[in-house]
>>> print(open('protein-v3.cif').read())   # mmCIF, C-alpha atoms
data_run
#
loop_
_atom_site.label_atom_id
_atom_site.label_comp_id
_atom_site.auth_asym_id
_atom_site.auth_seq_id
_atom_site.Cartn_x
_atom_site.Cartn_y
_atom_site.Cartn_z
CA MET A 6 1.44 0.81 18.52
CA HIS A 7 2.43 -2.74 17.63
CA THR A 8 5.53 -3.93 19.46
CA ASP A 9 6.55 -6.92 17.33
CA PHE A 10 6.61 -5.77 13.73
CA PRO A 11 8.95 -8.55 12.50
CA ASN A 12 6.50 -11.21 13.64
CA LEU A 13 3.49 -9.29 12.32
CA CYS A 14 5.10 -8.83 8.90
CA SER A 15 6.10 -12.50 8.70
CA ARG A 16 2.54 -13.54 9.52
CA MET A 17 1.19 -11.16 6.89
CA ARG A 18 3.56 -12.58 4.28
CA ARG A 19 2.51 -16.14 5.10
CA ASP A 20 -1.15 -15.15 4.86
CA ILE A 21 -0.58 -13.44 1.50
CA LEU A 22 1.04 -16.53 0.01
CA GLU A 23 -1.53 -18.93 1.44
CA MET A 24 -4.53 -16.92 0.28
CA ILE A 25 -3.16 -16.44 -3.25
CA HIS A 26 -2.35 -20.15 -3.44
CA ALA A 27 -5.87 -21.03 -2.29
CA ALA A 28 -7.37 -18.66 -4.86
CA GLY A 29 -5.19 -20.01 -7.66
CA SER A 30 -4.57 -16.44 -8.84
CA GLY A 31 -3.40 -13.11 -7.52
CA HIS A 32 -0.39 -10.84 -7.26
CA PRO A 33 2.25 -11.97 -4.77
CA GLY A 34 5.20 -9.85 -5.91
CA GLY A 35 3.75 -6.40 -5.30
CA SER A 36 1.84 -7.57 -2.24
CA LEU A 37 4.98 -8.85 -0.52
CA SER A 38 6.86 -5.64 -1.33
CA CYS A 39 4.49 -3.38 0.60
CA VAL A 40 3.96 -5.41 3.80
CA GLU A 41 6.05 -3.19 6.09
CA ILE A 42 4.45 -0.07 4.64
CA LEU A 43 0.95 -1.29 5.42
CA ALA A 44 1.91 -2.69 8.81
CA THR A 45 3.44 0.65 9.81
CA LEU A 46 0.42 2.59 8.62
CA TYR A 47 -2.26 0.44 10.23
CA PHE A 48 -0.46 -0.39 13.48
CA ASP A 49 1.33 2.85 14.24
CA VAL A 50 0.59 5.82 12.00
CA MET A 51 -3.07 6.04 11.00
CA ARG A 52 -5.87 7.02 13.35
CA VAL A 53 -8.39 4.30 12.66
CA ASN A 54 -10.85 2.28 14.72
CA PRO A 55 -11.84 -1.18 13.47
CA ALA A 56 -14.89 -1.05 15.74
CA ASN A 57 -16.06 2.07 13.90
CA PRO A 58 -14.68 1.78 10.36
CA SER A 59 -16.84 4.65 9.07
CA ASP A 60 -15.71 7.18 11.67
CA PRO A 61 -15.81 10.51 9.77
CA ASN A 62 -12.66 11.66 11.58
CA ARG A 63 -10.57 8.60 10.69
CA ASP A 64 -7.48 8.80 8.53
CA ARG A 65 -8.02 7.47 5.01
CA PHE A 66 -5.93 4.95 3.07
CA LEU A 67 -6.12 4.43 -0.67
CA LEU A 68 -4.47 1.45 -2.35
CA SER A 69 -3.98 2.91 -5.80
CA LYS A 70 -2.00 -0.19 -6.86
CA GLY A 71 -5.13 -2.24 -6.34
CA HIS A 72 -3.62 -5.57 -7.42
CA ALA A 73 -1.79 -5.62 -4.06
CA ALA A 74 -5.16 -6.18 -2.38
CA PRO A 75 -3.98 -9.34 -0.54
CA ALA A 76 -1.53 -7.24 1.48
CA LEU A 77 -4.23 -4.72 2.37
CA TYR A 78 -6.68 -7.46 3.32
CA CYS A 79 -4.05 -8.98 5.61
CA ALA A 80 -3.39 -5.63 7.28
CA LEU A 81 -7.13 -5.10 7.86
CA ALA A 82 -7.63 -8.63 9.19
CA HIS A 83 -4.70 -8.44 11.61
CA ARG A 84 -5.87 -4.98 12.73
CA GLY A 85 -9.24 -6.49 13.63
CA TYR A 86 -11.58 -5.28 10.88
CA PHE A 87 -12.74 -8.83 10.15
CA ASP A 88 -11.94 -12.44 11.05
CA ARG A 89 -8.67 -13.72 9.61
CA ASN A 90 -10.43 -16.89 8.48
CA LEU A 91 -12.04 -14.81 5.76
CA LEU A 92 -8.64 -14.42 4.08
CA ALA A 93 -8.95 -17.96 2.72
CA THR A 94 -11.85 -16.80 0.53
CA LEU A 95 -9.77 -14.42 -1.61
CA ARG A 96 -11.26 -14.15 -5.12
CA ALA A 97 -13.88 -16.81 -4.37
CA PHE A 98 -17.33 -16.24 -5.87
CA GLY A 99 -19.38 -14.16 -3.44
CA SER A 100 -16.42 -13.31 -1.19
CA PRO A 101 -16.01 -9.68 -0.06
CA LEU A 102 -12.28 -10.13 -0.72
CA GLN A 103 -12.34 -9.41 -4.39
CA GLY A 104 -9.26 -9.48 -6.60
CA HIS A 105 -9.10 -5.69 -6.31
CA PRO A 106 -10.56 -3.71 -3.40
CA HIS A 107 -14.27 -2.94 -3.62
CA MET A 108 -15.18 -0.52 -0.87
CA SER A 109 -18.86 -1.46 -0.56
CA SER A 110 -17.93 -5.10 0.04
CA LEU A 111 -15.66 -4.83 3.04
CA PRO A 112 -15.35 -2.60 6.14
CA GLY A 113 -12.22 -0.48 6.30
CA LEU A 114 -11.85 0.23 2.58
CA ASP A 115 -11.82 3.90 1.61
CA CYS A 116 -11.47 3.39 -2.14
CA SER A 117 -12.28 0.89 -4.86
CA SER A 118 -9.23 0.50 -7.06
CA GLY A 119 -7.68 -1.58 -9.79
CA SER A 120 -7.48 0.76 -12.76
CA LEU A 121 -4.01 2.15 -12.15
CA GLY A 122 -3.40 5.87 -11.82
CA GLN A 123 -6.63 6.95 -10.12
CA GLY A 124 -5.81 6.69 -6.42
CA LEU A 125 -4.02 9.99 -5.96
CA SER A 126 -6.84 11.93 -7.59
CA ILE A 127 -9.27 10.35 -5.13
CA ALA A 128 -6.89 11.07 -2.25
CA ASN A 129 -6.80 14.72 -3.29
CA GLY A 130 -10.58 14.89 -3.26
CA LEU A 131 -10.78 13.45 0.24
CA ALA A 132 -8.06 15.81 1.44
CA MET A 133 -9.77 18.85 -0.06
CA ALA A 134 -13.02 17.81 1.60
CA ALA A 135 -11.23 17.61 4.95
CA LYS A 136 -9.85 21.12 4.48
CA LYS A 137 -13.25 22.54 3.57
CA GLN A 138 -14.98 20.79 6.46
CA GLY A 139 -12.34 21.79 8.98
CA LYS A 140 -11.42 18.19 9.75
CA ASN A 141 -7.88 17.10 10.56
CA TYR A 142 -7.81 13.61 9.08
CA ARG A 143 -4.99 12.69 6.72
CA THR A 144 -5.09 10.71 3.49
CA TYR A 145 -2.42 8.16 2.62
CA CYS A 146 -2.08 6.80 -0.92
CA LEU A 147 0.12 3.89 -1.94
CA LEU A 148 1.38 4.00 -5.53
CA GLY A 149 3.42 1.49 -7.50
CA ASP A 150 6.48 2.72 -9.35
CA GLY A 151 5.20 1.27 -12.62
CA GLU A 152 1.96 3.11 -11.93
CA LEU A 153 3.89 6.38 -12.16
CA GLN A 154 3.89 5.83 -15.92
CA GLU A 155 0.23 6.90 -15.85
CA GLY A 156 -0.22 10.57 -16.78
CA GLN A 157 -3.07 11.06 -14.36
CA ILE A 158 -0.64 10.58 -11.48
CA TRP A 159 1.22 13.73 -12.47
CA GLU A 160 -1.95 15.74 -13.03
CA ALA A 161 -2.92 14.78 -9.50
CA ALA A 162 0.58 15.61 -8.23
CA MET A 163 0.22 19.12 -9.67
CA THR A 164 -3.20 19.47 -8.07
CA ALA A 165 -2.05 18.44 -4.59
CA ALA A 166 0.83 20.92 -4.66
CA HIS A 167 -1.23 23.73 -6.18
CA PHE A 168 -3.84 23.52 -3.44
CA GLY A 169 -1.28 23.00 -0.67
CA LEU A 170 -2.71 19.66 0.42
CA ASP A 171 -0.37 19.02 3.32
CA ASN A 172 -2.81 16.37 4.57
CA VAL A 173 -1.92 14.14 1.61
CA CYS A 174 0.90 11.62 1.90
CA VAL A 175 1.92 9.45 -1.04
CA ILE A 176 4.01 6.35 -0.56
CA VAL A 177 5.71 5.02 -3.68
CA ASP A 178 6.39 1.28 -3.53
CA ASN A 179 9.60 1.68 -5.52
CA ASN A 180 10.44 -1.97 -6.21
CA GLY A 181 11.75 -1.51 -9.76
CA VAL A 182 9.73 -4.34 -11.32
CA GLN A 183 6.36 -4.41 -13.04
CA LEU A 184 4.27 -6.95 -14.96
CA ASP A 185 6.46 -7.28 -18.04
CA GLY A 186 9.94 -6.62 -16.66
CA ASN A 187 12.10 -4.02 -15.00
CA THR A 188 10.44 -0.62 -14.78
CA ALA A 189 13.62 1.03 -16.07
CA ASP A 190 13.46 -1.03 -19.27
CA ILE A 191 9.75 -0.56 -19.97
CA MET A 192 9.34 3.14 -19.18
CA GLY A 193 11.86 4.58 -16.76
CA VAL A 194 10.44 6.73 -13.98
CA GLU A 195 13.61 7.62 -12.10
CA PRO A 196 14.57 9.89 -10.48
CA VAL A 197 11.24 9.55 -8.71
CA GLY A 198 12.07 11.83 -5.79
CA ASP A 199 13.31 14.63 -8.04
CA LYS A 200 10.15 14.42 -10.11
CA PHE A 201 7.92 14.92 -7.07
CA ARG A 202 10.14 17.77 -5.88
CA ALA A 203 9.78 19.44 -9.27
CA PHE A 204 6.02 19.22 -8.84
CA GLY A 205 6.26 21.06 -5.52
CA TRP A 206 6.19 18.16 -3.07
CA HIS A 207 8.12 17.55 0.12
CA VAL A 208 10.03 14.31 -0.51
CA VAL A 209 11.38 11.79 1.98
CA GLY A 210 13.35 8.66 1.11
CA ALA A 211 13.11 5.49 3.19
CA ASP A 212 13.94 1.80 3.23
CA GLY A 213 10.48 0.37 2.63
CA HIS A 214 11.27 -2.76 4.63
CA ASP A 215 12.58 -0.92 7.71
CA VAL A 216 9.72 -0.05 10.05
CA ASN A 217 11.83 2.43 12.01
CA ALA A 218 12.75 4.29 8.82
CA LEU A 219 9.12 4.33 7.73
CA GLN A 220 7.96 5.63 11.11
CA LEU A 221 10.41 8.51 10.83
CA ALA A 222 9.29 9.26 7.27
CA PHE A 223 5.63 9.37 8.32
CA ARG A 224 6.48 11.66 11.25
CA LEU A 225 8.23 14.04 8.86
CA ALA A 226 5.20 13.95 6.58
CA GLY A 227 2.89 14.72 9.47
CA THR A 228 4.81 17.83 10.48
CA THR A 229 5.15 19.30 6.97
CA ARG A 230 2.95 22.28 6.31
CA GLY A 231 1.82 23.90 3.08
CA ARG A 232 2.64 21.08 0.68
CA PRO A 233 2.02 17.34 0.27
CA THR A 234 4.64 14.71 1.08
CA ALA A 235 5.87 11.82 -1.05
CA ILE A 236 7.70 8.99 0.71
CA ILE A 237 9.85 7.12 -1.79
CA ALA A 238 10.04 3.67 -0.23
CA GLU A 239 12.81 1.53 -1.71
CA THR A 240 11.47 -2.01 -1.72
CA VAL A 241 12.04 -5.47 -3.21
CA LYS A 242 9.40 -7.12 -5.38
CA GLY A 243 8.48 -10.45 -3.78
CA LYS A 244 10.32 -9.54 -0.56
CA GLY A 245 10.96 -12.47 1.77
CA VAL A 246 10.89 -15.29 -0.78
CA SER A 247 14.22 -15.69 -2.55
CA PHE A 248 12.88 -17.19 -5.77
CA MET A 249 10.22 -14.48 -6.06
CA GLU A 250 12.42 -11.48 -5.32
CA ASN A 251 12.96 -9.08 -8.25
CA GLN A 252 11.23 -11.49 -10.64
CA CYS A 253 8.52 -10.07 -12.89
CA ALA A 254 7.16 -13.61 -13.38
CA TRP A 255 5.79 -13.39 -9.84
CA HIS A 256 3.89 -10.15 -10.44
CA GLY A 257 0.64 -12.02 -11.04
CA LYS A 258 1.23 -15.74 -10.54
CA ALA A 259 -0.05 -17.99 -7.76
CA PRO A 260 2.41 -20.45 -6.20
CA ASP A 261 1.59 -24.12 -6.57
CA LYS A 262 1.71 -26.52 -3.62
CA GLU A 263 5.45 -27.13 -3.80
CA GLU A 264 6.28 -23.46 -4.37
CA LEU A 265 4.07 -22.48 -1.45
CA ALA A 266 5.83 -24.92 0.87
CA ALA A 267 9.23 -23.62 -0.21
CA ALA A 268 8.14 -20.01 0.25
CA LEU A 269 6.64 -20.57 3.69
CA ALA A 270 9.80 -22.36 4.79
CA GLU A 271 11.74 -19.17 4.10
CA ILE A 272 9.39 -16.97 6.12
CA LYS A 273 10.04 -17.71 9.74
#
>>> encode(input="protein-v3.cif", output="structure tokens")
Amino acid sequence: MHTDFPNLCSRMRRDILEMIHAAGSGHPGGSLSCVEILATLYFDVMRVNPANPSDPNRDRFLLSKGHAAPALYCALAHRGYFDRNLLATLRAFGSPLQGHPHMSSLPGLDCSSGSLGQGLSIANGLAMAAKKQGKNYRTYCLLGDGELQEGQIWEAAMTAAHFGLDNVCVIVDNNGVQLDGNTADIMGVEPVGDKFRAFGWHVVGADGHDVNALQLAFRLAGTTRGRPTAIIAETVKGKGVSFMENQCAWHGKAPDKEELAAALAEIK
């Protein structure tokens, strides 16, 4: 278990901003909002081994909101899957750090993603395979709240409950903002927790920027039997940078040199 999550998360946020700036493109808002979620998963919750990334008994993680790839790459690099210097090659031609995760390009990726709505279906397949093979690994799937507007999410939610996939844990990055504006204005998805409950899920709410709250939520998920768990993580788009927070303009925009300097100055 990591003992200094505040420092780890600050370093991840700095890396996210620097790599997106170097690439000249990327998605800072939704990457910054899920930093604590990924840090908690990779440094406390999931059973993974960077020295053996293909271990058949490892826990699986699926980034369904694939545009937040910079945050996932940072988590993998800090966890030791590859050298942190590689982060500077985000989106560069020939780099394994593509704009969206491509699992054959980089160790530690369990899913290629980018087309929103597909991650939970893949998570269900992995979880069903574990059940059939008698393995005890768990699958974790990070969804965006805007992504919940995709119908396939709810087909997959029905499937997970119907088959009693208690080895599936969804985390909703509930930051309230998507590409074109506030989620509530474009296609409201609230009440998210009640929707998952209606589909037969165990639901836990948590502050998505509080590692202690997330650790408790994941423990509750791990002890739930007979049904999947959805953790509704309340987060802030662009968390940690005041001029990016809750601003849809920063969904998919790279900071320029001056904006990067100002952002890094805020992240101690």
>>> resolve_selection(input="protein-v3.cif", expression="the PyMOL selection byres ((chain A and resi 220-232) around 12)", output="ChimeraX atom specification")
/A:6-7,10,41-51,64,132,141-145,162-176,201-202,204-219,233-238
>>> resolve_selection(input="protein-v3.cif", expression="the PyMOL selection byres ((chain A and resi 246-254) around 10)", output="ChimeraX atom specification")
/A:18,22,33-35,37-38,180-188,240-245,255-258,260,264-265,267-272
>>> atom_distance(input="protein-v3.cif", atom1="atom CA of A:Pro106", atom2="atom CA of A:Phe66")
11.8 Å
>>> closest_residue(input="protein-v3.cif", among="A:Val197, A:Leu147, A:Ile21, A:Ala266", to="A:Ala128", atoms="all atoms listed in the file")
A:Leu147
>>> resolve_selection(input="protein-v3.cif", expression="the PyMOL selection byres ((chain A and resi 63) around 7)", output="VMD selection string")
chain A and resid 52 to 53 60 to 62 64 to 65 142
